[in-house]
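Report on one structure; see the data block that follows.
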Number of protein chains: 2
Amino acid sequence: MKPLGPIPAGFVAADGELIIGGRKASDLVAEAGRTPLFVYSADRIAARVADLRKALPDAVALNYAVKANPFGPVLQAMAGLVDGFDIASAGELAMVTEAGIDPARISFAGPGKRDAELEAAIAAGVTLNLESEGEATRALEVAARIGLTPQLAVRVNPDFDLKGSGMKMGGGAKPFGVDAERVPALVRKLIAAGADWRGFHIFAGSQALDAAAIAETQAQTIALAARLAAEAGASPPKVNLGGGFGIPYFPGDAPLDLGAVGQALARQLARLPGELAGTRFCLELGRYLVGESGVYLTRVVDRKVSHGEVYLITDGGLHHQLAASGNFGTVVRRNYPVAIATRFGQPATEEANVVGCLCTPLDRLADKGGFPRADVGDLVAVFCAGAYGASASPAMFLGQGPAAEMMA
Amino acid sequence: MKPLGPIPAGFVAADGELIIGGRKASDLVAEAGRTPLFVYSADRIAARVADLRKALPDAVALNYAVKANPFGPVLQAMAGLVDGFDIASAGELAMVTEAGIDPARISFAGPGKRDAELEAAIAAGVTLNLESEGEATRALEVAARIGLTPQLAVRVNPDFDLKGSGMKMGGGAKPFGVDAERVPALVRKLIAAGADWRGFHIFAGSQALDAAAIAETQAQTIALAARLAAEAGASPPKVNLGGGFGIPYFPGDAPLDLGAVGQALARQLARLPGELAGTRFCLELGRYLVGESGVYLTRVVDRKVSHGEVYLITDGGLHHQLAASGNFGTVVRRNYPVAIATRFGQPATEEANVVGCLCTPLDRLADKGGFPRADVGDLVAVFCAGAYGASASPAMFLGQGPAAEMMA
């Protein structure tokens with residue numbers, strides 16, 4: 001038997017069923033009308049934001065990285081909870097504005113912005129995080145052509161990375177941002193060109209569970225911003241400190257010590273260098289805000305035995321849960337937290353593989369996990385499904401199509 | 001510098017540009033109206049089928065595995081080229097029938113068929129490849145309810161795998177098919193229940209480049225089918241021998257020796273055991289039929305240097321080319337065949353990374369490859385993009401949306 005990832009704290013059963021947002025899994029499926037179904041708990045999202053507000057210094061703003069989950073009702077819930085929104089494409093710009101969010105709250109990062117995307121962002125009053133000198137030139141040209149003053153920040157490729165992060169986005173050659181040593185010259189150029197210079201965006205990594213590593217990276221980020229500001233001869237109105245706050249997915253993972261991160265950041269902000277005295281800091285979080293709020297529910301359509309191994313074959317799979325299947329950014333496949341939603345809390349009595357309906361051996365949601373006995377019709381829950389699930393999976397593979405999504 | 005995968009034979013330049021289906025890359029993009037763009041060459045697909053017909057024994061039928069590429073015009077082209085179509089969902093059934101293909105030519109495999117999918121298939125006259133005893137029971141119940149005689153084949157989980165295959169689908173416990181030792185009893189049950197028993201489906205692996213390994217697997221498959229037929233006391237009308245024919249993606253890969261596969265299969269069919277004397281054999285190929293016909297064209301939107309490394313940042317990426325980015329079924333990332341389409345055939349003069357527009361370090365299409373110098377506006381070609389590209393990638397990630405697709 002192989003271990004399963006840790007189920008996020010607070011999920012309980014009623015009448016033997018998993019409860020999400022106060023409602024039974026089977027009732028949620030009945031309301032949606034079908035499986036597979038992503039359910040996102042509005043209460044869990046609000047509680048997570050409240051935990052962050054409590055742990056972090058008041059002066060730190062909180063941004064939502066839309067890429068983690070662009071579902072409309074999630075964006076609408078976030079509108080009243082966070083300060084800013086970070087987008088990565090004109091497609092995400094459309095989603096955020098459709099959710100009724102003021103473009104003045106939005107910033108746009110991403111290494112491959114097309115001219116049409118630059119124009120849409122400038123026209124809407126979105127802040128652009130510039131990823132290169134070439135992009136800066138194009139943004140200034142677009143702004144001049146449409147007669148608007150662009151709001152431009154510079155994304156910095158830092159000369160350090162976030163230790164222990166799942167994805168490193170700094171330290172050495174990278175497609176993201178401008179190498180730190182070239183940033184001061186670019187800032188001076190933007191200011192000289194009459195742009196509204198908004199500051200720095202510095203993102204060193206993601207999905208870290210080590211508070212000390214995050215605190216060290218934040219200290220390095222603040223020091224780098226101060227150094228770049230001094231060299232540029234201009235104080236940044238804003239500094240986006242990046243994110244990197246991870247959630248536990250796998251056996252042995254422990255939750256991030258949020259209090260320790262907040263205390264370290266408070267100490268940093270209490271001794272800011274003069275260049276940053278008037279700077280507004282923000283954190284950009286996606287996965288940490290929504291990841292644990294989401295549960296993916298899929299129905300068992302077959303139960304079979306092959307060479308003594310039990311297979312629970314579901315109507316879901318990697319076309320909605322690419323990362324849970326171990327095929328997205330992971331080298332060694334490990335189990336996500338998975339449970340039988342319609343027998344939640346019952347003891348494990350057998351070893352079973354939970355697989356998807358796709359005709360490929362890659363489509364496995366749990367490998368040799370311990371579960372109560374499940375049969376055709378039971379619902380399987382994959383936890384930590386709120387971020388990088390529905391939108392980060394190949395929904396059209398094998399003609400399957402997207403899952404249903406709902407808030408609870 | 002790291003090597004790039006081998007460009008399929010026959011791609012040439014005219015006026016310094018890659019030619020696909022007799023037309024320049026930039027002309028194809030102009031017709032499509034945008035990038036990124038998948039172009040599939042009808043001539044290359046037809047030539048590949050002709051090569052197969054020449055190499056394989058006349059008695060062997062050729063099926064197309066729709067999951068490799070379900071683009072409507074590809075299905076329409078296949079309708080006049082191959083004998084049968086293998087689908088994996090009701091979604092694919094709808095695509096194939098919309099392409100005007102007779103359902104009598106279709107068979108349906110896949111471990112997680114819902115009742116509604118079984119009903120749609122039986123009602124249309126599609127052959128079901130049954131994946132378990134439970135699915136067999138459900139199919140018989142559905143057929144009885146709607147008053148039709150179901151066409152049922154049994155998918156066998158073979159007790160061997162395809163050596164050297166990219167994905168093993170036999171040998172030990174698997175979610176696919178019925179363990180060989182339980183197949184004869186199931187066949188007898190189907191026949192006794194009045195079903196139209198169509199034979200066996202035996203798929204041992206995919207993406208193999210070793211002709212000897214494929215020949216050995218085909219011999220084992222035929223021997224297994226004969227043994228199961230003898231034990232069941234019934235000769236199979238059809239045997240689907242599976243596929244497994246690979247294409248070269250990576251540096252050092254050599255094309256499959258199709259002649260050797262065909263000759264070995266001819267020898268096998270010349271000495272068939274009596275149980276299979278009246279059996280019609282077919283091969284189920286997807287990737288081998290369409291993979292090398294396709295080219296993914298994406299435009300360079302930024303050229304930048306970070307710590308001395310050149311980055312060509314494109315408007316495409318892993319949201320259309322998940323496998324090329326190294327994030328789908330591969331443990332070690334290697335480069336696909338990639339070239340600058342608008343400078344095709346020119347010598348490599350620099351080392352560059354080709355990355356996508358997504359804000360994640362996973363989005364890399366070529367790592368430290370050798371290319372002629374390319375600038376903003378140039379087109380990049382990713383070859384071997386005809387199979388498991390558009391439909392097997394997370395098109396909605398970061399709000400990007402699907403690529404354009406066209407036949408040339």
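Identifiers in the structure tokens: chain A, B, ... in order shown; residue index from 1 per chain; ligand index from 1 in order shown.
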
**Request:** Just need the residues of chain A within 6 Å of chain B, counting only C-alpha atoms, so spit them out as an MDAnalysis selection string.
**Result:** chainID A and resid 67 91:92 110:112 173 306:307 313 315 327:328 357 359 391:394 396:400

According to DSSP computed on the backbone, where in stretch 198-307 of chain A is there strand (DSSP E)? Give the residues as a JSON list (two decimals) with all heavy atoms, in the first residue's frame.
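Printed below is part-v5.json as written:
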```json
[["chain", "number", "residue", "atom", "x", "y", "z"],
["A", 198, "ARG", "N", 5.39, 52.06, -12.16],
["A", 198, "ARG", "CA", 4.67, 51.54, -10.98],
["A", 198, "ARG", "C", 5.55, 50.75, -10.03],
["A", 198, "ARG", "O", 5.08, 50.38, -8.95],
["A", 198, "ARG", "CB", 3.50, 50.66, -11.44],
["A", 198, "ARG", "CG", 2.52, 51.33, -12.38],
["A", 198, "ARG", "CD", 1.92, 52.61, -11.80],
["A", 198, "ARG", "NE", 1.22, 52.38, -10.54],
["A", 198, "ARG", "CZ", 1.16, 53.27, -9.53],
["A", 198, "ARG", "NH1", 1.77, 54.44, -9.63],
["A", 198, "ARG", "NH2", 0.52, 52.98, -8.43],
["A", 199, "GLY", "N", 6.77, 50.40, -10.41],
["A", 199, "GLY", "CA", 7.64, 49.69, -9.47],
["A", 199, "GLY", "C", 8.17, 48.38, -10.01],
["A", 199, "GLY", "O", 8.38, 48.23, -11.22],
["A", 200, "PHE", "N", 8.36, 47.43, -9.08],
["A", 200, "PHE", "CA", 9.00, 46.16, -9.42],
["A", 200, "PHE", "C", 8.08, 44.96, -9.15],
["A", 200, "PHE", "O", 7.27, 44.97, -8.21],
["A", 200, "PHE", "CB", 10.28, 45.96, -8.59],
["A", 200, "PHE", "CG", 11.33, 46.98, -8.83],
["A", 200, "PHE", "CD1", 11.80, 47.77, -7.76],
["A", 200, "PHE", "CD2", 11.87, 47.20, -10.09],
["A", 200, "PHE", "CE1", 12.78, 48.73, -7.96],
["A", 200, "PHE", "CE2", 12.85, 48.15, -10.29],
["A", 200, "PHE", "CZ", 13.31, 48.92, -9.22],
["A", 201, "HIS", "N", 8.29, 43.94, -9.95],
["A", 201, "HIS", "CA", 7.65, 42.64, -9.75],
["A", 201, "HIS", "C", 8.77, 41.61, -9.68],
["A", 201, "HIS", "O", 9.53, 41.46, -10.64],
["A", 201, "HIS", "CB", 6.72, 42.35, -10.93],
["A", 201, "HIS", "CG", 5.99, 41.04, -10.86],
["A", 201, "HIS", "ND1", 5.68, 40.29, -11.97],
["A", 201, "HIS", "CD2", 5.52, 40.33, -9.81],
["A", 201, "HIS", "CE1", 5.05, 39.19, -11.61],
["A", 201, "HIS", "NE2", 4.93, 39.19, -10.30],
["A", 202, "ILE", "N", 8.90, 40.94, -8.55],
["A", 202, "ILE", "CA", 10.03, 40.03, -8.34],
["A", 202, "ILE", "C", 9.49, 38.70, -7.82],
["A", 202, "ILE", "O", 8.99, 38.63, -6.69],
["A", 202, "ILE", "CB", 11.05, 40.62, -7.33],
["A", 202, "ILE", "CG1", 11.45, 42.05, -7.76],
["A", 202, "ILE", "CG2", 12.28, 39.72, -7.22],
["A", 202, "ILE", "CD1", 12.41, 42.76, -6.81],
["A", 205, "GLY", "N", 9.94, 32.01, -7.07],
["A", 205, "GLY", "CA", 9.61, 30.59, -7.05],
["A", 205, "GLY", "C", 8.21, 30.37, -6.51],
["A", 205, "GLY", "O", 7.54, 31.32, -6.08],
["A", 206, "SER", "N", 7.76, 29.12, -6.58],
["A", 206, "SER", "CA", 6.39, 28.82, -6.13],
["A", 206, "SER", "C", 6.36, 27.51, -5.37],
["A", 206, "SER", "O", 7.30, 26.73, -5.42],
["A", 206, "SER", "CB", 5.45, 28.75, -7.33],
["A", 206, "SER", "OG", 5.75, 27.63, -8.13],
["A", 238, "LYS", "N", 5.30, 50.67, -5.96],
["A", 238, "LYS", "CA", 4.87, 49.34, -5.49],
["A", 238, "LYS", "C", 5.99, 48.33, -5.71],
["A", 238, "LYS", "O", 6.78, 48.45, -6.64],
["A", 238, "LYS", "CB", 3.64, 48.85, -6.28],
["A", 238, "LYS", "CG", 2.37, 49.63, -6.02],
["A", 238, "LYS", "CD", 1.18, 48.93, -6.65],
["A", 238, "LYS", "CE", -0.10, 49.71, -6.37],
["A", 238, "LYS", "NZ", -1.29, 49.05, -6.93],
["A", 239, "VAL", "N", 6.02, 47.34, -4.84],
["A", 239, "VAL", "CA", 6.87, 46.17, -5.05],
["A", 239, "VAL", "C", 6.03, 44.93, -4.84],
["A", 239, "VAL", "O", 5.47, 44.72, -3.75],
["A", 239, "VAL", "CB", 8.11, 46.15, -4.13],
["A", 239, "VAL", "CG1", 8.83, 44.81, -4.24],
["A", 239, "VAL", "CG2", 9.07, 47.28, -4.48],
["A", 240, "ASN", "N", 5.91, 44.11, -5.89],
["A", 240, "ASN", "CA", 5.25, 42.81, -5.79],
["A", 240, "ASN", "C", 6.32, 41.81, -5.36],
["A", 240, "ASN", "O", 7.28, 41.55, -6.10],
["A", 240, "ASN", "CB", 4.65, 42.45, -7.15],
["A", 240, "ASN", "CG", 3.94, 41.10, -7.15],
["A", 240, "ASN", "OD1", 4.31, 40.19, -6.42],
["A", 240, "ASN", "ND2", 2.93, 40.97, -7.99],
["A", 280, "ARG", "N", 4.52, 50.63, -1.44],
["A", 280, "ARG", "CA", 3.44, 49.72, -1.05],
["A", 280, "ARG", "C", 3.86, 48.31, -1.50],
["A", 280, "ARG", "O", 4.17, 48.10, -2.67],
["A", 280, "ARG", "CB", 2.16, 50.17, -1.75],
["A", 280, "ARG", "CG", 1.00, 49.21, -1.66],
["A", 280, "ARG", "CD", 0.08, 49.57, -0.52],
["A", 280, "ARG", "NE", -1.23, 48.95, -0.68],
["A", 280, "ARG", "CZ", -1.94, 48.48, 0.35],
["A", 280, "ARG", "NH1", -1.47, 48.56, 1.59],
["A", 280, "ARG", "NH2", -3.13, 47.95, 0.15],
["A", 281, "PHE", "N", 3.85, 47.38, -0.56],
["A", 281, "PHE", "CA", 4.23, 45.99, -0.88],
["A", 281, "PHE", "C", 3.00, 45.12, -1.07],
["A", 281, "PHE", "O", 1.98, 45.31, -0.40],
["A", 281, "PHE", "CB", 5.09, 45.41, 0.24],
["A", 281, "PHE", "CG", 6.45, 46.06, 0.33],
["A", 281, "PHE", "CD1", 6.64, 47.19, 1.13],
["A", 281, "PHE", "CD2", 7.52, 45.57, -0.39],
["A", 281, "PHE", "CE1", 7.88, 47.80, 1.20],
["A", 281, "PHE", "CE2", 8.77, 46.18, -0.32],
["A", 281, "PHE", "CZ", 8.95, 47.31, 0.48],
["A", 282, "CYS", "N", 3.12, 44.17, -1.98],
["A", 282, "CYS", "CA", 2.04, 43.19, -2.10],
["A", 282, "CYS", "C", 2.61, 41.80, -2.28],
["A", 282, "CYS", "O", 3.75, 41.62, -2.70],
["A", 282, "CYS", "CB", 1.08, 43.54, -3.24],
["A", 282, "CYS", "SG", 1.73, 43.20, -4.87],
["A", 283, "LEU", "N", 1.79, 40.83, -1.92],
["A", 283, "LEU", "CA", 2.08, 39.43, -2.20],
["A", 283, "LEU", "C", 1.13, 38.96, -3.29],
["A", 283, "LEU", "O", -0.03, 39.37, -3.34],
["A", 283, "LEU", "CB", 1.87, 38.59, -0.94],
["A", 283, "LEU", "CG", 2.93, 38.74, 0.14],
["A", 283, "LEU", "CD1", 2.46, 38.07, 1.43],
["A", 283, "LEU", "CD2", 4.25, 38.13, -0.31],
["A", 284, "GLU", "N", 1.65, 38.08, -4.14],
["A", 284, "GLU", "CA", 0.83, 37.54, -5.24],
["A", 284, "GLU", "C", 0.65, 36.05, -4.99],
["A", 284, "GLU", "O", 1.58, 35.27, -5.14],
["A", 284, "GLU", "CB", 1.57, 37.78, -6.57],
["A", 284, "GLU", "CG", 0.89, 37.13, -7.74],
["A", 284, "GLU", "CD", 1.58, 37.42, -9.07],
["A", 284, "GLU", "OE1", 2.39, 38.36, -9.12],
["A", 284, "GLU", "OE2", 1.34, 36.68, -10.03],
["A", 285, "LEU", "N", -0.55, 35.67, -4.60],
["A", 285, "LEU", "CA", -0.81, 34.27, -4.25],
["A", 285, "LEU", "C", -1.94, 33.71, -5.10],
["A", 285, "LEU", "O", -2.94, 34.39, -5.34],
["A", 285, "LEU", "CB", -1.18, 34.16, -2.76],
["A", 285, "LEU", "CG", -0.12, 34.66, -1.78],
["A", 285, "LEU", "CD1", -0.67, 34.65, -0.36],
["A", 285, "LEU", "CD2", 1.15, 33.81, -1.86],
["A", 294, "GLY", "N", -10.81, 23.53, -3.04],
["A", 294, "GLY", "CA", -11.47, 22.79, -4.11],
["A", 294, "GLY", "C", -11.42, 21.29, -3.94],
["A", 294, "GLY", "O", -10.42, 20.73, -3.48],
["A", 295, "VAL", "N", -12.51, 20.64, -4.32],
["A", 295, "VAL", "CA", -12.58, 19.17, -4.32],
["A", 295, "VAL", "C", -13.10, 18.75, -5.69],
["A", 295, "VAL", "O", -14.06, 19.34, -6.21],
["A", 295, "VAL", "CB", -13.52, 18.64, -3.22],
["A", 295, "VAL", "CG1", -13.57, 17.12, -3.24],
["A", 295, "VAL", "CG2", -13.09, 19.14, -1.85],
["A", 296, "TYR", "N", -12.45, 17.75, -6.26],
["A", 296, "TYR", "CA", -12.89, 17.19, -7.55],
["A", 296, "TYR", "C", -13.65, 15.91, -7.25],
["A", 296, "TYR", "O", -13.11, 15.00, -6.61],
["A", 296, "TYR", "CB", -11.66, 16.92, -8.40],
["A", 296, "TYR", "CG", -11.88, 16.25, -9.74],
["A", 296, "TYR", "CD1", -12.48, 16.93, -10.79],
["A", 296, "TYR", "CD2", -11.44, 14.95, -9.97],
["A", 296, "TYR", "CE1", -12.65, 16.34, -12.03],
["A", 296, "TYR", "CE2", -11.59, 14.35, -11.21],
["A", 296, "TYR", "CZ", -12.20, 15.05, -12.24],
["A", 296, "TYR", "OH", -12.34, 14.46, -13.48],
["A", 297, "LEU", "N", -14.90, 15.86, -7.68],
["A", 297, "LEU", "CA", -15.75, 14.69, -7.43],
["A", 297, "LEU", "C", -15.97, 13.92, -8.73],
["A", 297, "LEU", "O", -16.38, 14.51, -9.73],
["A", 297, "LEU", "CB", -17.10, 15.13, -6.85],
["A", 297, "LEU", "CG", -17.05, 15.79, -5.47],
["A", 297, "LEU", "CD1", -18.43, 16.37, -5.12],
["A", 297, "LEU", "CD2", -16.60, 14.81, -4.40],
["A", 298, "THR", "N", -15.70, 12.65, -8.69],
["A", 298, "THR", "CA", -15.87, 11.82, -9.89],
["A", 298, "THR", "C", -16.49, 10.49, -9.47],
["A", 298, "THR", "O", -16.23, 10.00, -8.37],
["A", 298, "THR", "CB", -14.53, 11.65, -10.63],
["A", 298, "THR", "OG1", -14.70, 10.76, -11.73],
["A", 298, "THR", "CG2", -13.43, 11.12, -9.73],
["A", 299, "ARG", "N", -17.32, 9.94, -10.34],
["A", 299, "ARG", "CA", -18.10, 8.76, -9.98],
["A", 299, "ARG", "C", -17.41, 7.48, -10.45],
["A", 299, "ARG", "O", -16.82, 7.45, -11.54],
["A", 299, "ARG", "CB", -19.50, 8.85, -10.60],
["A", 299, "ARG", "CG", -20.48, 7.87, -9.99],
["A", 299, "ARG", "CD", -21.88, 8.01, -10.55],
["A", 299, "ARG", "NE", -22.58, 9.23, -10.22],
["A", 299, "ARG", "CZ", -23.17, 9.50, -9.04],
["A", 299, "ARG", "NH1", -23.12, 8.62, -8.05],
["A", 299, "ARG", "NH2", -23.79, 10.64, -8.85],
["A", 300, "VAL", "N", -17.49, 6.45, -9.64],
["A", 300, "VAL", "CA", -16.97, 5.13, -10.01],
["A", 300, "VAL", "C", -17.92, 4.51, -11.02],
["A", 300, "VAL", "O", -19.10, 4.32, -10.73],
["A", 300, "VAL", "CB", -16.82, 4.22, -8.77],
["A", 300, "VAL", "CG1", -16.34, 2.82, -9.19],
["A", 300, "VAL", "CG2", -15.86, 4.83, -7.76],
["A", 301, "VAL", "N", -17.41, 4.20, -12.24],
["A", 301, "VAL", "CA", -18.25, 3.57, -13.26],
["A", 301, "VAL", "C", -17.94, 2.09, -13.43],
["A", 301, "VAL", "O", -18.72, 1.36, -14.03],
["A", 301, "VAL", "CB", -18.15, 4.27, -14.64],
["A", 301, "VAL", "CG1", -18.73, 5.67, -14.56],
["A", 301, "VAL", "CG2", -16.74, 4.31, -15.15],
["A", 302, "ASP", "N", -16.81, 1.65, -12.90],
["A", 302, "ASP", "CA", -16.52, 0.22, -12.94],
["A", 302, "ASP", "C", -15.60, -0.12, -11.78],
["A", 302, "ASP", "O", -14.81, 0.73, -11.34],
["A", 302, "ASP", "CB", -15.86, -0.18, -14.28],
["A", 302, "ASP", "CG", -15.95, -1.68, -14.57],
["A", 302, "ASP", "OD1", -16.62, -2.41, -13.80],
["A", 302, "ASP", "OD2", -15.35, -2.12, -15.57],
["A", 303, "ARG", "N", -15.77, -1.32, -11.28],
["A", 303, "ARG", "CA", -14.86, -1.86, -10.27],
["A", 303, "ARG", "C", -14.38, -3.18, -10.83],
["A", 303, "ARG", "O", -15.19, -4.05, -11.19],
["A", 303, "ARG", "CB", -15.60, -2.08, -8.95],
["A", 303, "ARG", "CG", -14.74, -2.74, -7.87],
["A", 303, "ARG", "CD", -15.56, -3.24, -6.68],
["A", 303, "ARG", "NE", -14.73, -4.16, -5.92],
["A", 303, "ARG", "CZ", -13.95, -3.79, -4.90],
["A", 303, "ARG", "NH1", -13.94, -2.54, -4.49],
["A", 303, "ARG", "NH2", -13.17, -4.68, -4.30],
["A", 304, "LYS", "N", -13.07, -3.35, -10.96],
["A", 304, "LYS", "CA", -12.58, -4.59, -11.54],
["A", 304, "LYS", "C", -11.31, -5.04, -10.83],
["A", 304, "LYS", "O", -10.68, -4.25, -10.10],
["A", 304, "LYS", "CB", -12.32, -4.40, -13.03],
["A", 304, "LYS", "CG", -11.28, -3.37, -13.37],
["A", 304, "LYS", "CD", -11.26, -3.07, -14.86],
["A", 304, "LYS", "CE", -10.53, -4.15, -15.63],
["A", 304, "LYS", "NZ", -10.31, -3.73, -17.05],
["A", 305, "VAL", "N", -10.97, -6.29, -11.04],
["A", 305, "VAL", "CA", -9.77, -6.85, -10.44],
["A", 305, "VAL", "C", -8.90, -7.37, -11.57],
["A", 305, "VAL", "O", -9.39, -8.05, -12.48],
["A", 305, "VAL", "CB", -10.11, -7.99, -9.46],
["A", 305, "VAL", "CG1", -8.84, -8.63, -8.91],
["A", 305, "VAL", "CG2", -10.99, -7.48, -8.32],
["A", 306, "SER", "N", -7.61, -7.00, -11.55],
["A", 306, "SER", "CA", -6.67, -7.50, -12.54],
["A", 306, "SER", "C", -5.46, -8.01, -11.80],
["A", 306, "SER", "O", -4.83, -7.26, -11.04],
["A", 306, "SER", "CB", -6.28, -6.38, -13.52],
["A", 306, "SER", "OG", -5.24, -6.83, -14.38]]
```

**Selection: 9 Å around A:Pro251, only C-alpha atoms, excl. self and same-chain fewer than 2 positions, as number ranges by chain** = A: 3-6, 248-249, 253-254, 334-337

**Asked** Leaving out stretch 21-32 of chain A and any residue of its chain fewer than 4 positions from it, which residues lie within 12 Å of it when counting only C-alpha atoms, given as number ranges by chain?
**Response** A: 10-17, 36-47, 293-299, 339-344, 377-382, 403-408
